[in-house]
Amino acid sequence: MKVVYFTESLLPHVDGVSRTLAQLFGYLESQGVDFRVCSPFVPGPDVSWSGRVRPVRYVRFPLYPDYRVTVPRLGSIARELEAWGPELVHLVSPTPMASRAQGWARRRGIPVVSSFHTHFVSYFRYYGVPRLEGFGWRMLRRFYERCERVYAPSDSIIAELAEHGITNTELWSRGIDLARFSPDHRSAELRAAAGAGPDTPVLLMVSRLVKEKDMADLVQMDRILRQHGNIHRLVLVGDGPMRAELQAALPDAYFAGHQSGDALARWYASGDVFVFPSTTETFGNVVLEAQASGLPTVVVDRGGPPDLVQPGRTGFIARANDPADLAQHCERLLRNAGERARMGRQAREVARERDWAAINGKLMESYRRVITHPPRPLPRR
């Protein structure tokens with residue numbers, strides 16, 4: 001099997017997409033699958049598959065300069081791929097480069113699949129242009145209807161895509177590294193550095209500090225908790241354009257900045273309750289990482305995260321964009337150490353069921369079905 005991937009997100013850039021692809025590409029290597037990757041990011045030589053990455057030209061995304069948007073030209077890349085002979089093209093996001101690659105593949109009879117990682121359409125309302133959401137969904141339908149499969153990370157997202165006319169979907173879930181994310185990495189030193197005493201519960205959030213993570217709800221939630229007299233330490237792990245604004249709005253919180261690898265795992269394990277108000281997640285990798293680290297999680301009832309939480313057993317699901325309801329659920333856990341511990345243990349046990357090899361093995365089976373079956377006819381317009 002020969003598969004080529006087109007992606008705007010890849011190591012060394014770290015986000016949910018790049019971490020998911022790193023797990024997939026490691027699995028492909030272990031199975032002897034021949035693959036290539038076209039991306040504006042190129043991992044360092046310490047990454048075993050870095051030699052398979054073909055760098056492409058890009059511009060920086062104005063609203064978030066850490067992101068790179070590829071220039072929609074294939075040129076020499078197309079010639080190299082034609083010489084190599086891919087059997088399948090996987091488009092990771094609906095970008096200009098992906099659209100160009102989609103057309104190139106279809107003209108040559110190469111089947112195309114895609115995956116839904118980021119809820120780009122929902123971002124419009126956070127940046128003052130909510131009327132563009134309808135246009136965005138129309139563009140997504142047009143892009144995805146030209147793919148044989150659209151791999152979505154959760155059943156909730158599959159249902160939402162269906163509501164918008166995108167039905168050629170299949171589940172590609174996410175796994176977790178249980179050795180990296182573990183309660184064993186709890187650090188009294190980290191807790192002390194964050195200003196949390198032995199009996200002070202740490203309310204943790206790991207996220208990019210951007211509007212579309214519903215940071216305004218987090219600010220209001222923390223104010224409500226303090227008004228109710230809750231003793232806790234809010235810790236935010238991550239960085240982004242909202243950091244200065246959030247530091248001004250949350251003077252009692254601790255900002256740990258961007259963390260990765262073992263340092264990130266220690267921060268997870270050193271928390272007591274994980275809170276995540278974002279309504280724009282397609283899955284919620286950070287929720288699964290928190291669960292594997294032994295934390296009860298409080299999420300909201302939109303997107304992929306509620307699929308990961310068993311209310312009353314591993315955490316709670318609050319109403320979306322309702323800081324008071326979010327605060328109520330967090331308050332229950334902050335005030336009851338026994339319930340926190342019980343839910344944290346159960347969250348860890350649930351996380352054990354998510355094996356990356358099994359998940360990516362199912363994706364490979366789907367790839368084979370796509371390659372061996374004739375392409376779907378395009379809908380008439």
# chains A, B, ... in the order shown; residues from 1 in each chain; ligands from 1
>>> residues_around(residues="range 301-307 of chain A", least_positions_apart="5", cutoff="12 Å", atoms="only C-alpha atoms", output="PyMOL selection string")
chain A and resi 116-119+122+152-161+171+173-174+213-214+275-291+314-322+325-326
>>> select_by_dssp(residues="range 54-114 of chain A", states="alpha helix (DSSP H)", output="tab-separated table (two decimals) with N, CA and C atoms, in the first residue's frame")
chain	number	residue	atom	x	y	z
A	76	SER	N	6.63	20.37	-8.88
A	76	SER	CA	7.56	19.25	-8.81
A	76	SER	C	7.04	18.15	-7.89
A	77	ILE	N	6.20	18.51	-6.90
A	77	ILE	CA	5.63	17.48	-6.02
A	77	ILE	C	4.79	16.50	-6.83
A	78	ALA	N	3.97	17.04	-7.73
A	78	ALA	CA	3.13	16.18	-8.57
A	78	ALA	C	3.98	15.24	-9.42
A	79	ARG	N	5.05	15.76	-9.97
A	79	ARG	CA	5.92	14.92	-10.80
A	79	ARG	C	6.56	13.81	-9.96
A	80	GLU	N	7.00	14.15	-8.75
A	80	GLU	CA	7.60	13.14	-7.89
A	80	GLU	C	6.58	12.06	-7.51
A	81	LEU	N	5.36	12.49	-7.22
A	81	LEU	CA	4.34	11.53	-6.83
A	81	LEU	C	3.95	10.62	-7.99
A	82	GLU	N	3.86	11.19	-9.19
A	82	GLU	CA	3.52	10.37	-10.35
A	82	GLU	C	4.58	9.30	-10.58
A	83	ALA	N	5.84	9.64	-10.33
A	83	ALA	CA	6.91	8.64	-10.49
A	83	ALA	C	6.83	7.57	-9.40
A	84	TRP	N	6.37	7.97	-8.22
A	84	TRP	CA	6.29	7.04	-7.09
A	84	TRP	C	5.05	6.14	-7.20
A	96	PRO	N	-6.18	25.08	0.65
A	96	PRO	CA	-5.92	25.26	-0.79
A	96	PRO	C	-5.03	24.18	-1.38
A	97	MET	N	-3.98	23.78	-0.65
A	97	MET	CA	-3.12	22.71	-1.15
A	97	MET	C	-3.91	21.41	-1.28
A	98	ALA	N	-4.75	21.11	-0.30
A	98	ALA	CA	-5.53	19.88	-0.34
A	98	ALA	C	-6.49	19.88	-1.52
A	99	SER	N	-7.12	21.02	-1.80
A	99	SER	CA	-8.03	21.10	-2.95
A	99	SER	C	-7.29	20.84	-4.25
A	100	ARG	N	-6.10	21.40	-4.37
A	100	ARG	CA	-5.30	21.16	-5.59
A	100	ARG	C	-4.92	19.68	-5.68
A	101	ALA	N	-4.51	19.08	-4.56
A	101	ALA	CA	-4.13	17.67	-4.57
A	101	ALA	C	-5.34	16.79	-4.87
A	102	GLN	N	-6.50	17.19	-4.40
A	102	GLN	CA	-7.72	16.43	-4.65
A	102	GLN	C	-8.01	16.38	-6.15
A	103	GLY	N	-7.94	17.52	-6.81
A	103	GLY	CA	-8.17	17.55	-8.26
A	103	GLY	C	-7.14	16.74	-9.01
A	104	TRP	N	-5.87	16.85	-8.61
A	104	TRP	CA	-4.79	16.09	-9.26
A	104	TRP	C	-5.06	14.59	-9.14
A	105	ALA	N	-5.44	14.13	-7.96
A	105	ALA	CA	-5.65	12.70	-7.75
A	105	ALA	C	-6.86	12.19	-8.53
A	106	ARG	N	-7.96	12.93	-8.51
A	106	ARG	CA	-9.16	12.47	-9.20
A	106	ARG	C	-8.94	12.38	-10.71
A	107	ARG	N	-8.17	13.31	-11.26
A	107	ARG	CA	-7.89	13.25	-12.70
A	107	ARG	C	-7.10	12.00	-13.06
>>> select_by_dssp(residues="range 157-294 of chain A", states="strand (DSSP E or B)", output="list in words")
Thr169, Glu170, Leu171, Val202, Leu203, Leu204, Met205, Val206, Arg233, Leu234, Val235, Leu236, Val237, Tyr254, Phe255, Ala256, Gly257, Val273, Phe274, Val275, Phe276 and Glu281 of chain A
>>> residues_around(residues="Asn360 in chain A", least_positions_apart="4", cutoff="7 Å", atoms="only C-alpha atoms", output="list in words")
Leu24, Trp356 and Met364 of chain A
>>> write_last_selection(atoms="N, CA and C atoms", output="short mmCIF file (atom, residue, chain, number, x, y, z; two decimals), in the first residue's frame")
data_model
loop_
_atom_site.label_atom_id
_atom_site.label_comp_id
_atom_site.auth_asym_id
_atom_site.auth_seq_id
_atom_site.Cartn_x
_atom_site.Cartn_y
_atom_site.Cartn_z
N LEU A 24 -0.10 7.77 13.93
CA LEU A 24 -0.44 7.03 12.71
C LEU A 24 0.81 6.66 11.93
N TRP A 356 -3.99 2.61 20.58
CA TRP A 356 -3.68 3.24 19.30
C TRP A 356 -3.54 2.22 18.17
N MET A 364 -6.47 1.35 8.60
CA MET A 364 -5.82 0.64 7.50
C MET A 364 -6.81 -0.27 6.77
#
>>> atom_distance(atom1="CA of Ser366 in chain A", atom2="CA of Glu29 in chain A")
17.5 Å
>>> atom_distance(atom1="CA of Gly16 in chain A", atom2="CA of Met242 in chain A")
19.2 Å
>>> residues_around(residues="Tyr127 in chain A", least_positions_apart="3", cutoff="9 Å", atoms="only C-alpha atoms", output="ChimeraX atom specification")
/A:123-124,130,211-212
>>> atom_distance(atom1="CA of Phe181 in chain A", atom2="CA of Gly271 in chain A")
12.3 Å
>>> residues_around(residues="Phe41 in chain A", least_positions_apart="4", cutoff="8 Å", atoms="only C-alpha atoms", output="list in words")
Glu8, Ser9, Leu10, Leu11, Pro12, His13 and Pro55 of chain A
